[in-house]
>>> print(open('query_0.cif').read())   # mmCIF, C-alpha atoms
data_coords
loop_
_atom_site.label_atom_id
_atom_site.label_comp_id
_atom_site.auth_asym_id
_atom_site.auth_seq_id
_atom_site.Cartn_x
_atom_site.Cartn_y
_atom_site.Cartn_z
CA MET A 245 -25.53 6.57 -15.26
CA LYS A 246 -26.15 10.24 -14.81
CA ASN A 247 -27.11 11.86 -11.49
CA ILE A 248 -26.90 8.63 -9.49
CA PRO A 249 -24.73 8.89 -6.36
CA ARG A 250 -21.43 7.01 -6.51
CA ILE A 251 -20.01 5.42 -3.37
CA PHE A 252 -16.67 3.69 -2.84
CA MET A 253 -17.30 0.33 -1.14
CA GLY A 254 -13.86 -1.27 -1.15
CA ASP A 255 -11.81 -3.13 -3.73
CA ASP A 256 -13.45 -6.57 -3.46
CA LEU A 257 -16.93 -5.96 -4.85
CA SER A 258 -18.91 -8.53 -6.78
CA CYS A 259 -22.48 -9.00 -7.92
CA GLY A 260 -24.77 -10.45 -5.24
CA MET A 261 -22.87 -9.17 -2.23
CA SER A 262 -24.67 -7.57 0.72
CA ILE A 263 -22.47 -5.05 2.49
CA PRO A 264 -23.26 -3.35 5.81
CA ALA A 265 -23.99 0.33 5.18
CA ASP A 266 -22.62 2.75 7.75
CA LYS A 267 -24.79 5.55 9.12
CA GLY A 268 -23.02 8.14 6.97
CA THR A 269 -23.78 6.27 3.74
CA ALA A 270 -27.43 5.66 4.72
CA HIS A 271 -27.89 9.31 5.71
CA TYR A 272 -26.32 10.55 2.48
CA LEU A 273 -28.53 8.40 0.27
CA ILE A 274 -31.82 8.75 2.13
CA ARG A 275 -31.67 12.25 3.61
CA VAL A 276 -29.38 14.11 1.22
CA MET A 277 -29.93 12.45 -2.16
CA ARG A 278 -33.42 11.11 -1.31
CA THR A 279 -32.89 7.77 -3.01
CA ASN A 280 -32.11 4.18 -2.10
CA LYS A 281 -30.06 3.55 -5.24
CA CYS A 282 -26.43 4.28 -6.02
CA LEU A 283 -23.43 3.12 -7.99
CA ALA A 284 -20.99 1.20 -5.81
CA PHE A 285 -17.41 1.06 -7.09
CA GLY A 286 -13.98 -0.22 -6.18
CA GLY A 287 -11.10 -2.22 -7.58
CA GLY A 288 -11.71 -0.81 -11.06
CA ARG A 289 -15.34 -1.96 -11.35
CA GLU A 290 -18.73 -0.32 -10.86
CA PHE A 291 -22.05 -1.90 -9.84
CA VAL A 292 -25.67 -0.87 -9.48
CA ALA A 293 -26.57 -1.06 -5.77
CA THR A 294 -29.69 -0.67 -3.63
CA LEU A 295 -29.96 0.28 0.03
CA SER A 296 -32.23 -1.99 2.07
CA ASP A 297 -35.47 -0.58 3.49
CA ASP A 298 -33.99 -0.40 6.99
CA GLY A 299 -30.91 1.45 5.68
CA ARG A 300 -28.50 -1.11 7.09
CA VAL A 301 -27.37 -3.07 4.03
CA LEU A 302 -26.21 -2.14 0.54
CA ASN A 303 -27.12 -4.87 -1.92
CA ILE A 304 -24.75 -5.08 -4.89
CA GLY A 305 -26.44 -5.76 -8.23
CA GLU A 306 -25.18 -6.08 -11.78
CA GLN A 307 -21.86 -4.67 -12.93
CA THR A 308 -22.15 -1.68 -15.22
CA GLU A 309 -20.28 -1.26 -18.51
CA HIS A 310 -18.47 1.83 -17.26
CA ALA A 311 -14.72 1.39 -17.80
CA ASP A 312 -12.35 2.81 -15.21
CA PRO A 313 -10.77 6.00 -16.61
CA SER A 314 -7.89 5.83 -14.10
CA ASN A 315 -4.28 5.39 -15.22
CA ASN A 316 -1.29 3.59 -13.68
CA LEU A 317 0.73 6.70 -12.88
CA THR A 318 2.50 7.29 -9.55
CA LEU A 319 2.84 10.86 -8.34
CA MET A 320 5.76 11.40 -5.96
CA PHE A 321 5.38 14.72 -4.19
CA ALA A 322 6.71 16.71 -1.25
CA PRO A 323 3.89 17.37 1.25
CA ILE A 324 2.80 21.00 1.24
CA LYS A 325 0.42 23.16 3.25
CA ARG A 326 -2.28 22.56 0.64
CA THR A 327 -1.71 18.84 0.22
CA ASP A 328 -5.49 18.36 0.29
CA ASP A 329 -5.89 20.52 -2.84
CA LEU A 330 -3.05 18.71 -4.60
CA LEU A 331 -4.51 15.26 -3.91
CA ASN A 332 -8.02 16.36 -4.85
CA MET A 333 -6.99 17.77 -8.22
CA VAL A 334 -4.70 14.96 -9.25
CA THR A 335 -7.06 12.20 -8.11
CA GLN A 336 -9.56 13.68 -10.56
CA MET A 337 -6.91 13.26 -13.26
CA GLY A 338 -6.70 9.51 -12.72
CA VAL A 339 -3.42 9.03 -10.82
CA ALA A 340 -3.19 5.54 -9.32
CA THR A 341 -0.69 5.99 -6.48
CA PHE A 342 0.62 8.80 -4.31
CA GLN A 343 4.12 8.62 -2.82
CA PRO A 344 4.84 11.42 -0.32
CA VAL A 345 8.53 12.40 -0.37
CA ILE A 346 10.47 14.21 2.33
CA THR A 347 12.95 16.53 0.61
CA GLU A 348 15.49 18.92 2.11
CA ARG A 349 13.04 21.82 1.86
CA THR A 350 9.83 20.02 2.82
CA ASN A 351 8.18 22.15 5.50
CA ALA A 352 4.82 20.39 5.92
CA ASN A 353 5.63 17.41 8.11
CA HIS A 354 2.40 17.09 10.06
CA ILE A 355 -0.13 16.03 7.45
CA ASN A 356 -3.33 14.32 8.63
CA TRP A 357 -3.09 11.35 6.28
CA THR A 358 -6.38 9.88 7.52
CA ARG A 359 -8.10 13.03 6.29
CA MET A 360 -6.16 12.84 3.02
CA VAL A 361 -7.57 9.34 2.40
CA LYS A 362 -11.11 10.72 2.79
CA ILE A 363 -10.30 13.48 0.31
CA VAL A 364 -9.10 11.09 -2.41
CA VAL A 365 -12.13 8.84 -1.86
CA GLU A 366 -14.48 11.81 -2.32
CA ALA A 367 -12.54 12.98 -5.38
CA ALA A 368 -12.74 9.50 -6.92
CA GLU A 369 -16.49 9.35 -6.30
CA GLN A 370 -16.99 12.75 -7.90
CA SER A 371 -14.74 12.20 -10.91
CA ASN A 372 -16.37 9.00 -12.19
CA ARG A 373 -13.43 6.76 -11.35
CA ASN A 374 -13.93 3.10 -10.48
CA SER A 375 -10.88 3.04 -8.22
CA VAL A 376 -9.37 5.06 -5.41
CA PRO A 377 -5.65 5.92 -5.51
CA LYS A 378 -3.39 4.50 -2.83
CA ILE A 379 -1.43 6.81 -0.51
CA LEU A 380 1.87 5.17 0.42
CA PRO A 381 3.88 5.90 3.59
CA PRO A 382 6.27 8.87 3.20
CA LYS A 383 9.82 8.23 1.97
CA LYS A 384 12.98 10.28 2.16
CA PHE A 385 14.24 11.70 -1.14
CA SER A 386 17.43 9.66 -0.70
CA GLU A 387 15.36 6.43 -0.71
CA LEU A 388 13.81 7.03 -4.14
CA ASP A 389 14.76 5.19 -7.31
CA LEU A 390 15.16 8.18 -9.62
CA ARG A 391 15.63 6.20 -12.82
CA ASN A 392 12.83 6.50 -15.38
CA VAL A 393 11.31 9.37 -13.41
CA VAL A 394 9.98 12.61 -14.89
CA PHE A 395 10.27 15.60 -12.58
CA ALA A 396 8.97 19.15 -12.72
CA ASP A 397 12.16 21.13 -13.35
CA GLU A 398 11.66 24.69 -12.12
CA ARG A 399 15.11 25.60 -13.48
CA ALA A 400 13.32 26.18 -16.80
CA ALA A 401 11.75 29.31 -15.32
CA TYR A 402 15.27 30.73 -14.90
CA GLY A 403 16.39 30.10 -18.47
CA HIS A 404 17.79 26.58 -18.04
CA GLU A 405 17.28 24.63 -21.26
CA ILE A 406 15.05 21.60 -20.70
CA THR A 407 15.08 18.91 -23.36
CA GLY A 408 13.54 15.97 -21.49
CA GLU A 409 10.79 13.92 -23.13
CA THR A 410 8.08 12.20 -21.13
CA GLY A 411 8.05 8.96 -23.12
CA ASP A 412 6.54 5.90 -21.42
CA ILE A 413 6.63 7.28 -17.88
CA LYS A 414 5.09 5.69 -14.81
CA SER A 415 6.34 8.11 -12.13
CA ILE A 416 6.33 11.90 -11.77
CA LEU A 417 8.17 13.80 -9.04
CA ILE A 418 7.09 17.22 -7.78
CA GLY A 419 9.27 19.26 -5.43
CA PRO A 420 8.29 21.22 -2.31
CA GLU A 421 7.19 24.84 -2.11
CA GLY A 422 10.82 25.93 -1.84
CA GLY A 423 11.94 23.80 -4.79
CA PHE A 424 14.57 21.07 -4.98
CA SER A 425 17.96 21.73 -3.39
CA ASP A 426 21.15 21.79 -5.46
CA ALA A 427 22.08 18.35 -4.08
CA GLU A 428 18.70 16.97 -5.13
CA PHE A 429 19.03 18.43 -8.62
CA ASN A 430 22.47 16.81 -8.86
CA ALA A 431 21.02 13.45 -7.79
CA LEU A 432 18.21 13.71 -10.34
CA ASP A 433 20.61 14.62 -13.14
CA ALA A 434 23.06 11.86 -12.18
CA ALA A 435 20.29 9.23 -12.20
CA GLY A 436 19.11 10.26 -15.64
CA ALA A 437 15.75 11.52 -14.43
CA ARG A 438 14.03 13.57 -17.10
CA GLY A 439 13.15 17.14 -16.24
CA ILE A 440 10.16 18.74 -17.91
CA SER A 441 9.36 22.42 -18.10
CA LEU A 442 6.02 23.64 -16.76
CA GLY A 443 6.49 27.08 -18.25
CA LYS A 444 8.42 30.26 -17.55
CA THR A 445 6.69 31.10 -14.27
CA ILE A 446 7.07 29.57 -10.81
CA LEU A 447 3.91 27.64 -9.97
CA ARG A 448 2.38 26.60 -6.68
CA ALA A 449 3.16 22.95 -6.01
CA GLU A 450 -0.46 21.82 -6.30
CA LEU A 451 -0.83 23.46 -9.73
CA ALA A 452 2.57 22.15 -10.83
CA ALA A 453 1.42 18.62 -9.97
CA ALA A 454 -1.73 18.93 -12.07
CA ILE A 455 0.11 20.39 -15.08
CA ALA A 456 2.87 17.76 -14.89
CA VAL A 457 0.32 14.96 -14.85
CA ALA A 458 -1.50 16.54 -17.79
CA ARG A 459 1.77 16.62 -19.76
CA VAL A 460 2.49 12.94 -19.12
CA VAL A 461 -0.98 11.39 -19.39
CA LYS A 462 -2.00 10.89 -23.02
#
>>> encode(input="query_0.cif", output="structure tokens")
Amino acid sequence: MKNIPRIFMGDDLSCGMSIPADKGTAHYLIRVMRTNKCLAFGGGREFVATLSDDGRVLNIGEQTEHADPSNNLTLMFAPIKRTDDLLNMVTQMGVATFQPVITERTNANHINWTRMVKIVVEAAEQSNRNSVPKILPPKKFSELDLRNVVFADERAAYGHEITGETGDIKSILIGPEGGFSDAEFNALDAAGARGISLGKTILRAELAAAIAVARVVK
């Protein structure tokens, strides 16, 4: 449904529910969008919804026929200074799960993850998704299972031959702004992780994430 506001209301929506509407939601619908109707989504489904006259309750109506365009891909990434841009872009591309990874060269260790959750919610609302990706707690690189992983291999920009195929991949790994260390490359190669080339230039991490997802998602 075109031009109707979309609002994430949690993953347990069903027809007939009445959900308390917070002041922000009521203000957005009434004052900004000047309507009492919206599309409420979550858990892969979307419903027509109506805000009560007093602005306190969102009444969930019939489910729409809109299918969730999201995928089941996990993006593992080293936090960067522009993590917000990375999450925004890749949420719009349908990624289901984000796994922050602390690598040897990760230099952005003080990310406001509460703010990041708000960013992915807004990106999901804007991009016509019926679900919001999960952001998992950060893990150390050494804790990752690197089997059946595709990773952005910046060695291709320095003439290293990359022959990896994406195949049926569920996880993509993106390195930090300084790239993977030699030890991390060795670990990836030893585990049989498949490197993919993103071209002959060195990309910013947020752009590398978007291009890698585009290469894997069919």
>>> closest_residue(input="query_0.cif", among="A:Glu398, A:Thr269, A:Arg250, A:Pro313", to="Cys282 in chain A", atoms="all atoms listed in the file")
A:Arg250
>>> residues_around(input="query_0.cif", residues="Thr350 in chain A", least_positions_apart="3", cutoff="9 Å", atoms="all atoms listed in the file", output="list in words")
Ala322, Pro323, Ile324, Val345, Ile346, Thr347, Asn353, Gly419, Pro420, Glu421, Gly422 and Gly423 of chain A
>>> write_last_selection(input="query_0.cif", atoms="C-alpha atoms", output="CSV table (one decimal), keeping the file's coordinate frame")
chain,number,residue,atom,x,y,z
A,322,ALA,CA,6.7,16.7,-1.2
A,323,PRO,CA,3.9,17.4,1.2
A,324,ILE,CA,2.8,21.0,1.2
A,345,VAL,CA,8.5,12.4,-0.4
A,346,ILE,CA,10.5,14.2,2.3
A,347,THR,CA,13.0,16.5,0.6
A,353,ASN,CA,5.6,17.4,8.1
A,419,GLY,CA,9.3,19.3,-5.4
A,420,PRO,CA,8.3,21.2,-2.3
A,421,GLU,CA,7.2,24.8,-2.1
A,422,GLY,CA,10.8,25.9,-1.8
A,423,GLY,CA,11.9,23.8,-4.8
>>> residues_around(input="query_0.cif", residues="Met360 in chain A", least_positions_apart="4", cutoff="7 Å", atoms="all atoms listed in the file", output="ChimeraX atom specification")
/A:328,356,364
>>> atom_distance(input="query_0.cif", atom1="CA of Leu295 in chain A", atom2="CA of Lys281 in chain A")
6.2 Å
>>> closest_residue(input="query_0.cif", among="A:Gly287, A:Gly338, A:Pro377, A:Gly439", to="Val393 in chain A", atoms="all atoms listed in the file")
A:Gly439
>>> axis_aligned_box(input="query_0.cif", around="range 353-369 of chain A", padding_each_side="6 Å", output="lines of an AutoDock Vina configuration file")
center_x = -5.4
center_y = 13.1
center_z = 1.6
size_x = 34.1
size_y = 20.6
size_z = 29.0
>>> resolve_selection(input="query_0.cif", expression="the PyMOL selection byres ((chain A and resi 365) around 9)", output="ChimeraX atom specification")
/A:251-252,335,360-364,366-370,375-377
>>> build_atoms(input="query_0.cif", residues="range 341-352 of chain A", atoms="all heavy atoms", output="PDB file, in the coordinates of the input")
ATOM      1  N   THR A 341      -1.423   6.120  -7.743  1.00  0.00           N
ATOM      2  CA  THR A 341      -0.690   5.990  -6.480  1.00  0.00           C
ATOM      3  C   THR A 341      -0.040   7.305  -6.112  1.00  0.00           C
ATOM      4  O   THR A 341       0.500   8.002  -6.983  1.00  0.00           O
ATOM      5  CB  THR A 341       0.409   4.904  -6.595  1.00  0.00           C
ATOM      6  OG1 THR A 341      -0.176   3.682  -7.071  1.00  0.00           O
ATOM      7  CG2 THR A 341       1.061   4.652  -5.249  1.00  0.00           C
ATOM      8  N   PHE A 342      -0.061   7.623  -4.834  1.00  0.00           N
ATOM      9  CA  PHE A 342       0.620   8.800  -4.310  1.00  0.00           C
ATOM     10  C   PHE A 342       1.764   8.363  -3.399  1.00  0.00           C
ATOM     11  O   PHE A 342       1.553   7.570  -2.480  1.00  0.00           O
ATOM     12  CB  PHE A 342      -0.335   9.690  -3.516  1.00  0.00           C
ATOM     13  CG  PHE A 342      -1.379  10.369  -4.360  1.00  0.00           C
ATOM     14  CD1 PHE A 342      -2.711  10.017  -4.244  1.00  0.00           C
ATOM     15  CD2 PHE A 342      -1.028  11.353  -5.270  1.00  0.00           C
ATOM     16  CE1 PHE A 342      -3.677  10.635  -5.021  1.00  0.00           C
ATOM     17  CE2 PHE A 342      -1.984  11.978  -6.059  1.00  0.00           C
ATOM     18  CZ  PHE A 342      -3.313  11.622  -5.933  1.00  0.00           C
ATOM     19  N   GLN A 343       2.956   8.897  -3.659  1.00  0.00           N
ATOM     20  CA  GLN A 343       4.120   8.620  -2.820  1.00  0.00           C
ATOM     21  C   GLN A 343       4.623   9.933  -2.219  1.00  0.00           C
ATOM     22  O   GLN A 343       5.305  10.709  -2.900  1.00  0.00           O
ATOM     23  CB  GLN A 343       5.231   7.973  -3.645  1.00  0.00           C
ATOM     24  CG  GLN A 343       6.542   7.761  -2.882  1.00  0.00           C
ATOM     25  CD  GLN A 343       6.373   6.846  -1.697  1.00  0.00           C
ATOM     26  OE1 GLN A 343       6.207   5.647  -1.858  1.00  0.00           O
ATOM     27  NE2 GLN A 343       6.399   7.397  -0.484  1.00  0.00           N
ATOM     28  N   PRO A 344       4.285  10.218  -0.961  1.00  0.00           N
ATOM     29  CA  PRO A 344       4.840  11.420  -0.320  1.00  0.00           C
ATOM     30  C   PRO A 344       6.357  11.286  -0.174  1.00  0.00           C
ATOM     31  O   PRO A 344       6.872  10.201   0.140  1.00  0.00           O
ATOM     32  CB  PRO A 344       4.148  11.430   1.057  1.00  0.00           C
ATOM     33  CG  PRO A 344       2.940  10.548   0.897  1.00  0.00           C
ATOM     34  CD  PRO A 344       3.346   9.504  -0.088  1.00  0.00           C
ATOM     35  N   VAL A 345       7.068  12.392  -0.403  1.00  0.00           N
ATOM     36  CA  VAL A 345       8.530  12.400  -0.370  1.00  0.00           C
ATOM     37  C   VAL A 345       9.017  13.532   0.536  1.00  0.00           C
ATOM     38  O   VAL A 345       8.587  14.684   0.374  1.00  0.00           O
ATOM     39  CB  VAL A 345       9.117  12.578  -1.784  1.00  0.00           C
ATOM     40  CG1 VAL A 345      10.639  12.631  -1.725  1.00  0.00           C
ATOM     41  CG2 VAL A 345       8.647  11.455  -2.706  1.00  0.00           C
ATOM     42  N   ILE A 346       9.896  13.204   1.450  1.00  0.00           N
ATOM     43  CA  ILE A 346      10.470  14.210   2.330  1.00  0.00           C
ATOM     44  C   ILE A 346      11.783  14.705   1.707  1.00  0.00           C
ATOM     45  O   ILE A 346      12.767  13.969   1.642  1.00  0.00           O
ATOM     46  CB  ILE A 346      10.736  13.647   3.749  1.00  0.00           C
ATOM     47  CG1 ILE A 346       9.454  13.003   4.300  1.00  0.00           C
ATOM     48  CG2 ILE A 346      11.221  14.757   4.671  1.00  0.00           C
ATOM     49  CD1 ILE A 346       8.250  13.925   4.326  1.00  0.00           C
ATOM     50  N   THR A 347      11.765  15.923   1.211  1.00  0.00           N
ATOM     51  CA  THR A 347      12.950  16.530   0.610  1.00  0.00           C
ATOM     52  C   THR A 347      13.625  17.451   1.620  1.00  0.00           C
ATOM     53  O   THR A 347      13.137  17.654   2.727  1.00  0.00           O
ATOM     54  CB  THR A 347      12.549  17.348  -0.641  1.00  0.00           C
ATOM     55  OG1 THR A 347      11.771  18.477  -0.214  1.00  0.00           O
ATOM     56  CG2 THR A 347      11.729  16.507  -1.612  1.00  0.00           C
ATOM     57  N   GLU A 348      14.757  18.031   1.204  1.00  0.00           N
ATOM     58  CA  GLU A 348      15.490  18.920   2.110  1.00  0.00           C
ATOM     59  C   GLU A 348      14.653  20.138   2.504  1.00  0.00           C
ATOM     60  O   GLU A 348      14.790  20.659   3.621  1.00  0.00           O
ATOM     61  CB  GLU A 348      16.798  19.385   1.457  1.00  0.00           C
ATOM     62  CG  GLU A 348      17.861  18.304   1.378  1.00  0.00           C
ATOM     63  CD  GLU A 348      19.185  18.849   0.883  1.00  0.00           C
ATOM     64  OE1 GLU A 348      19.471  20.056   1.118  1.00  0.00           O
ATOM     65  OE2 GLU A 348      19.950  18.092   0.254  1.00  0.00           O
ATOM     66  N   ARG A 349      13.800  20.601   1.607  1.00  0.00           N
ATOM     67  CA  ARG A 349      13.040  21.820   1.860  1.00  0.00           C
ATOM     68  C   ARG A 349      11.558  21.566   2.180  1.00  0.00           C
ATOM     69  O   ARG A 349      10.765  22.494   2.191  1.00  0.00           O
ATOM     70  CB  ARG A 349      13.155  22.757   0.657  1.00  0.00           C
ATOM     71  CG  ARG A 349      14.588  23.259   0.455  1.00  0.00           C
ATOM     72  CD  ARG A 349      14.728  24.058  -0.818  1.00  0.00           C
ATOM     73  NE  ARG A 349      16.091  24.549  -0.981  1.00  0.00           N
ATOM     74  CZ  ARG A 349      16.576  25.089  -2.097  1.00  0.00           C
ATOM     75  NH1 ARG A 349      15.782  25.209  -3.158  1.00  0.00           N
ATOM     76  NH2 ARG A 349      17.821  25.505  -2.155  1.00  0.00           N
ATOM     77  N   THR A 350      11.211  20.318   2.428  1.00  0.00           N
ATOM     78  CA  THR A 350       9.830  20.020   2.820  1.00  0.00           C
ATOM     79  C   THR A 350       9.550  20.673   4.166  1.00  0.00           C
ATOM     80  O   THR A 350      10.292  20.472   5.130  1.00  0.00           O
ATOM     81  CB  THR A 350       9.604  18.499   2.929  1.00  0.00           C
ATOM     82  OG1 THR A 350       9.825  17.897   1.654  1.00  0.00           O
ATOM     83  CG2 THR A 350       8.186  18.191   3.399  1.00  0.00           C
ATOM     84  N   ASN A 351       8.484  21.457   4.244  1.00  0.00           N
ATOM     85  CA  ASN A 351       8.180  22.150   5.500  1.00  0.00           C
ATOM     86  C   ASN A 351       6.776  21.852   6.014  1.00  0.00           C
ATOM     87  O   ASN A 351       6.266  22.546   6.887  1.00  0.00           O
ATOM     88  CB  ASN A 351       8.353  23.675   5.336  1.00  0.00           C
ATOM     89  CG  ASN A 351       7.483  24.244   4.228  1.00  0.00           C
ATOM     90  OD1 ASN A 351       6.565  23.594   3.736  1.00  0.00           O
ATOM     91  ND2 ASN A 351       7.783  25.472   3.825  1.00  0.00           N
ATOM     92  N   ALA A 352       6.147  20.814   5.439  1.00  0.00           N
ATOM     93  CA  ALA A 352       4.820  20.390   5.920  1.00  0.00           C
ATOM     94  C   ALA A 352       4.931  18.940   6.363  1.00  0.00           C
ATOM     95  O   ALA A 352       4.664  18.017   5.594  1.00  0.00           O
ATOM     96  CB  ALA A 352       3.787  20.562   4.812  1.00  0.00           C
TER      97      ALA A 352
END
